[in-house]
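Written out below as structure tokens is the structure these notes cover.
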Amino acid sequence: MRSPISPVLSIHGLIKDVGPLAALDGKMLRVVSGVSLHAEPGQVTALLGANGAGKTTTLECAQGLQRRSGGIISLLGQDPASAGAALRARVGVMLQDGGLPPSARPLPLLRHIAGLYASPWPVDELADRLGIGAFARTTVRRLSGGQRQRLALAAALVGRPEVLFLDEPSAGLDPQSRQLVFDLIAELRDGGMGIVLTTHLMDDAQRLADYVYIIDGGRNVAEGTVQQLLQRSPEVEEGAEHVRTLVFDAAPGLDLAGVLPADVEISEPRAGSYSVTGALAPRHLAALAAWWEAHDIMPAAMSLQARSLEDVFLDISGKDIR
């Protein structure tokens, strides 16, 4: 259940057709088919999906960069397809490719963008927060991918937007830059900004997102908080313990049949490395330890891993390459 606060973005039944395409015998191709979502102020909302799932098209329609074929979109209470410059001034957009002029230098570019807003973020302060001073004299075309990402984020933020769209915000970032960007996103969220992001990096979504939508084949297939999604599993009834995986190394070829209940999966993905997955509870660990003791087995290594958002995503969307 989402909160009753008015969303910064509301999408109901979004449809997007493209074409006609010769490869489709002149027929239209439906790339988004009924997507619905809400993003609220003071929260990070993540859209996850494989390549071609429709998530980027969904956000481009939400931003008014593409015209939808059907459905309703409200961005800060207005239809982005017909709203004017006043709405665009309240929205920050960071595209994956940056969309930055290749011959520009960072600080003059940010000052130019800042001049388009009534109350911009002070450029020097923003540049300092994102470490842009270190490459301020370098043209955009000569920046590394991570440097472009930081500059694109600064360009999206300089107008002090009420809602921020981020397409793959950590792409190309080194660990230090990634942490810097994550800290700033958390600060902006805590300050009340609504943030909508797409990412292929499940660790990023698990760390940043307050609410997640998974899109597959142009449709919503799952949604919830990260914790709600982590508890989702076709093998686990509602209210059961979280799915976890116990990994341990021992002698190859151990016969573990009957050691644990049938609803716990035991496998040996490679010789001597065992994986025990299910709604594990202390009783399961005790049974396994008792079996080790009875057979005089001391594992060489052991770790207990929580179910990850990537596990959930692969369960839902499948493991085939798109």
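Scheme for the structure tokens: letters A, B, ... for chains in order shown; per-chain residue numbers from 1; ligand numbers from 1 in order shown.
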Counting only C-alpha atoms, what is within 7 Å of Leu47 (chain A), bar same-chain residues fewer than 2 positions away, as an MDAnalysis selection string? chainID A and resid 45 49 55 197:198 212:214
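Note that CA of Ala222 (chain A) and CA of Arg68 (chain A) are 22.2 Å apart.
Shortest separation to Leu107 (chain A) among A:Ala81, A:Val123, A:Val8, A:Leu76 occurs at residue A:Val123, atoms counted being only C-alpha atoms.
Each of A:Gly272, A:Pro261, A:Gly224, A:Pro101 was compared to Ala39 (chain A) using only C-alpha atoms, and A:Gly224 turns out to be the nearest.
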If you run DSSP on this backbone, which residues of region 91-305 of chain A come out as strand (DSSP E), and could you give them as a ChimeraX atom specification? /A:91-94,163-167,194-198,211-216,219-224,244-249,265-270,273-278,301-305
Take the residues just selected and output them with N, CA and C atoms as a tab-separated table (two decimals), in the first residue's frame.
```
chain	number	residue	atom	x	y	z
A	91	VAL	N	11.23	20.02	-13.13
A	91	VAL	CA	11.61	18.62	-13.36
A	91	VAL	C	13.06	18.55	-13.79
A	92	GLY	N	13.83	17.65	-13.16
A	92	GLY	CA	15.20	17.41	-13.56
A	92	GLY	C	15.30	16.06	-14.25
A	93	VAL	N	16.04	16.01	-15.35
A	93	VAL	CA	16.17	14.78	-16.13
A	93	VAL	C	17.64	14.50	-16.39
A	94	MET	N	18.10	13.34	-15.98
A	94	MET	CA	19.46	12.88	-16.28
A	94	MET	C	19.35	11.69	-17.21
A	163	VAL	N	11.02	17.00	-8.83
A	163	VAL	CA	11.09	15.58	-9.17
A	163	VAL	C	12.29	15.38	-10.08
A	164	LEU	N	13.00	14.29	-9.86
A	164	LEU	CA	14.24	14.03	-10.59
A	164	LEU	C	14.16	12.66	-11.23
A	165	PHE	N	14.40	12.61	-12.54
A	165	PHE	CA	14.45	11.35	-13.28
A	165	PHE	C	15.90	10.99	-13.54
A	166	LEU	N	16.27	9.78	-13.18
A	166	LEU	CA	17.64	9.31	-13.36
A	166	LEU	C	17.64	8.01	-14.16
A	167	ASP	N	18.30	8.02	-15.30
A	167	ASP	CA	18.41	6.82	-16.13
A	167	ASP	C	19.80	6.25	-15.95
A	194	GLY	N	11.08	13.93	-4.99
A	194	GLY	CA	10.66	12.66	-5.57
A	194	GLY	C	11.67	12.25	-6.63
A	195	ILE	N	12.20	11.06	-6.53
A	195	ILE	CA	13.25	10.59	-7.43
A	195	ILE	C	12.79	9.30	-8.10
A	196	VAL	N	12.85	9.28	-9.43
A	196	VAL	CA	12.46	8.11	-10.21
A	196	VAL	C	13.68	7.68	-11.00
A	197	LEU	N	14.08	6.41	-10.84
A	197	LEU	CA	15.28	5.96	-11.53
A	197	LEU	C	15.07	4.61	-12.19
A	198	THR	N	15.84	4.39	-13.24
A	198	THR	CA	15.96	3.07	-13.84
A	198	THR	C	17.39	2.61	-13.66
A	211	TYR	N	10.60	2.10	-3.19
A	211	TYR	CA	9.55	1.31	-3.83
A	211	TYR	C	10.03	0.93	-5.22
A	212	VAL	N	9.69	-0.30	-5.63
A	212	VAL	CA	10.22	-0.86	-6.88
A	212	VAL	C	9.08	-1.36	-7.75
A	213	TYR	N	9.16	-1.06	-9.04
A	213	TYR	CA	8.28	-1.65	-10.05
A	213	TYR	C	9.15	-2.48	-10.99
A	214	ILE	N	8.74	-3.71	-11.24
A	214	ILE	CA	9.43	-4.54	-12.22
A	214	ILE	C	8.54	-4.62	-13.46
A	215	ILE	N	9.13	-4.26	-14.60
A	215	ILE	CA	8.40	-4.23	-15.87
A	215	ILE	C	8.99	-5.29	-16.78
A	216	ASP	N	8.13	-6.05	-17.44
A	216	ASP	CA	8.59	-7.08	-18.37
A	216	ASP	C	7.61	-7.13	-19.52
A	219	ARG	N	4.80	-4.50	-19.52
A	219	ARG	CA	3.74	-4.57	-18.52
A	219	ARG	C	4.32	-4.60	-17.11
A	220	ASN	N	3.53	-4.14	-16.14
A	220	ASN	CA	3.89	-4.35	-14.73
A	220	ASN	C	3.79	-5.84	-14.41
A	221	VAL	N	4.82	-6.39	-13.79
A	221	VAL	CA	4.74	-7.79	-13.37
A	221	VAL	C	4.93	-7.94	-11.87
A	222	ALA	N	5.46	-6.95	-11.19
A	222	ALA	CA	5.61	-7.00	-9.74
A	222	ALA	C	5.87	-5.60	-9.22
A	223	GLU	N	5.51	-5.37	-7.97
A	223	GLU	CA	5.82	-4.10	-7.33
A	223	GLU	C	5.83	-4.29	-5.83
A	224	GLY	N	6.47	-3.36	-5.14
A	224	GLY	CA	6.51	-3.40	-3.68
A	224	GLY	C	7.75	-2.73	-3.16
A	244	ARG	N	16.62	-17.82	2.12
A	244	ARG	CA	18.05	-17.61	2.26
A	244	ARG	C	18.78	-18.78	1.60
A	245	THR	N	20.05	-18.57	1.33
A	245	THR	CA	20.89	-19.62	0.76
A	245	THR	C	22.10	-19.82	1.66
A	246	LEU	N	22.30	-21.08	2.07
A	246	LEU	CA	23.49	-21.46	2.82
A	246	LEU	C	24.45	-22.13	1.84
A	247	VAL	N	25.64	-21.59	1.75
A	247	VAL	CA	26.67	-22.13	0.86
A	247	VAL	C	27.79	-22.69	1.72
A	248	PHE	N	28.20	-23.95	1.45
A	248	PHE	CA	29.33	-24.49	2.20
A	248	PHE	C	30.17	-25.39	1.30
A	249	ASP	N	31.44	-25.50	1.64
A	249	ASP	CA	32.38	-26.34	0.91
A	249	ASP	C	32.77	-27.53	1.76
A	265	GLU	N	15.80	-26.70	-1.09
A	265	GLU	CA	16.54	-27.22	-2.24
A	265	GLU	C	18.02	-27.37	-1.90
A	266	ILE	N	18.57	-28.55	-2.15
A	266	ILE	CA	19.98	-28.81	-1.92
A	266	ILE	C	20.62	-29.18	-3.25
A	267	SER	N	21.70	-28.50	-3.60
A	267	SER	CA	22.37	-28.79	-4.86
A	267	SER	C	23.88	-28.72	-4.68
A	268	GLU	N	24.58	-29.29	-5.63
A	268	GLU	CA	26.04	-29.24	-5.67
A	268	GLU	C	26.43	-28.66	-7.03
A	269	PRO	N	26.37	-27.32	-7.17
A	269	PRO	CA	26.61	-26.71	-8.49
A	269	PRO	C	27.99	-27.00	-9.06
A	270	ARG	N	28.96	-27.21	-8.20
A	270	ARG	CA	30.28	-27.67	-8.66
A	270	ARG	C	30.86	-28.56	-7.56
A	273	SER	N	31.11	-27.96	-3.63
A	273	SER	CA	30.47	-26.70	-3.24
A	273	SER	C	28.97	-26.91	-3.22
A	274	TYR	N	28.35	-26.73	-2.07
A	274	TYR	CA	26.94	-27.06	-1.88
A	274	TYR	C	26.12	-25.79	-1.63
A	275	SER	N	24.88	-25.83	-2.11
A	275	SER	CA	23.96	-24.70	-1.95
A	275	SER	C	22.66	-25.23	-1.37
A	276	VAL	N	22.23	-24.63	-0.26
A	276	VAL	CA	20.99	-25.02	0.41
A	276	VAL	C	20.08	-23.78	0.41
A	277	THR	N	18.96	-23.83	-0.31
A	277	THR	CA	18.12	-22.66	-0.50
A	277	THR	C	16.69	-22.95	-0.07
A	278	GLY	N	16.11	-22.02	0.66
A	278	GLY	CA	14.71	-22.15	1.06
A	278	GLY	C	14.40	-21.18	2.18
A	301	ALA	N	34.40	-24.07	4.33
A	301	ALA	CA	33.93	-22.68	4.28
A	301	ALA	C	32.41	-22.71	4.33
A	302	MET	N	31.82	-21.64	4.85
A	302	MET	CA	30.37	-21.60	4.97
A	302	MET	C	29.91	-20.15	5.02
A	303	SER	N	28.79	-19.84	4.34
A	303	SER	CA	28.22	-18.50	4.40
A	303	SER	C	26.72	-18.59	4.23
A	304	LEU	N	26.01	-17.69	4.91
A	304	LEU	CA	24.55	-17.62	4.82
A	304	LEU	C	24.21	-16.33	4.08
A	305	GLN	N	23.54	-16.47	2.95
A	305	GLN	CA	23.27	-15.33	2.09
A	305	GLN	C	21.78	-15.05	2.03
```
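Picture a line from CA of Leu157 (chain A) to CA of Leu87 (chain A); it runs 14.8 Å.
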Could you pull out the helix (DSSP H, G or I) residues of region 12-137 of chain A from DSSP and send them as a PyMOL selection string? chain A and resi 22-24+55-63+85-88+106-114+123-129+132-135
Keeping only C-alpha atoms, write the selected residues to a file as a JSON list (two decimals), in the first residue's frame.
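The file below, out_32.json, is the result:
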```json
[["chain", "number", "residue", "atom", "x", "y", "z"],
["A", 22, "ALA", "CA", 8.67, -2.87, -42.50],
["A", 23, "ALA", "CA", 9.83, -5.81, -40.39],
["A", 24, "LEU", "CA", 6.31, -6.02, -38.96],
["A", 55, "LYS", "CA", 11.06, 1.08, -18.70],
["A", 56, "THR", "CA", 12.98, 3.82, -20.54],
["A", 57, "THR", "CA", 10.07, 4.41, -22.92],
["A", 58, "THR", "CA", 7.77, 4.67, -19.91],
["A", 59, "LEU", "CA", 9.93, 7.37, -18.33],
["A", 60, "GLU", "CA", 10.35, 9.27, -21.60],
["A", 61, "CYS", "CA", 6.56, 9.41, -21.93],
["A", 62, "ALA", "CA", 6.35, 10.53, -18.30],
["A", 63, "GLN", "CA", 8.81, 13.33, -19.01],
["A", 85, "ALA", "CA", 7.92, 25.50, -19.73],
["A", 86, "ALA", "CA", 6.69, 26.10, -16.19],
["A", 87, "LEU", "CA", 6.38, 22.36, -15.60],
["A", 88, "ARG", "CA", 9.72, 21.55, -17.24],
["A", 106, "PRO", "CA", 31.57, 21.79, -17.27],
["A", 107, "LEU", "CA", 31.40, 25.04, -15.29],
["A", 108, "PRO", "CA", 30.36, 27.36, -18.15],
["A", 109, "LEU", "CA", 27.76, 24.79, -19.16],
["A", 110, "LEU", "CA", 26.33, 24.59, -15.64],
["A", 111, "ARG", "CA", 26.29, 28.39, -15.33],
["A", 112, "HIS", "CA", 24.42, 28.64, -18.63],
["A", 113, "ILE", "CA", 21.82, 26.12, -17.47],
["A", 114, "ALA", "CA", 21.54, 27.82, -14.07],
["A", 123, "VAL", "CA", 26.95, 26.28, -9.43],
["A", 124, "ASP", "CA", 30.18, 26.31, -7.43],
["A", 125, "GLU", "CA", 28.50, 24.58, -4.50],
["A", 126, "LEU", "CA", 26.95, 21.91, -6.70],
["A", 127, "ALA", "CA", 30.20, 21.37, -8.61],
["A", 128, "ASP", "CA", 32.03, 20.96, -5.32],
["A", 129, "ARG", "CA", 29.51, 18.40, -4.07],
["A", 132, "ILE", "CA", 33.46, 18.53, -10.88],
["A", 133, "GLY", "CA", 36.27, 21.00, -10.16],
["A", 134, "ALA", "CA", 38.84, 18.27, -10.85],
["A", 135, "PHE", "CA", 37.85, 18.20, -14.54]]
```
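If only C-alpha atoms are the atoms counted, then among A:Ala89, A:Gly13, A:Ala152, A:Arg160 the closest residue to Pro122 (chain A) is A:Arg160.
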Counting only C-alpha atoms, the residue of A:Gly191, A:Gly172, A:Pro120, A:Pro252 that sits nearest Val158 (chain A): A:Pro120
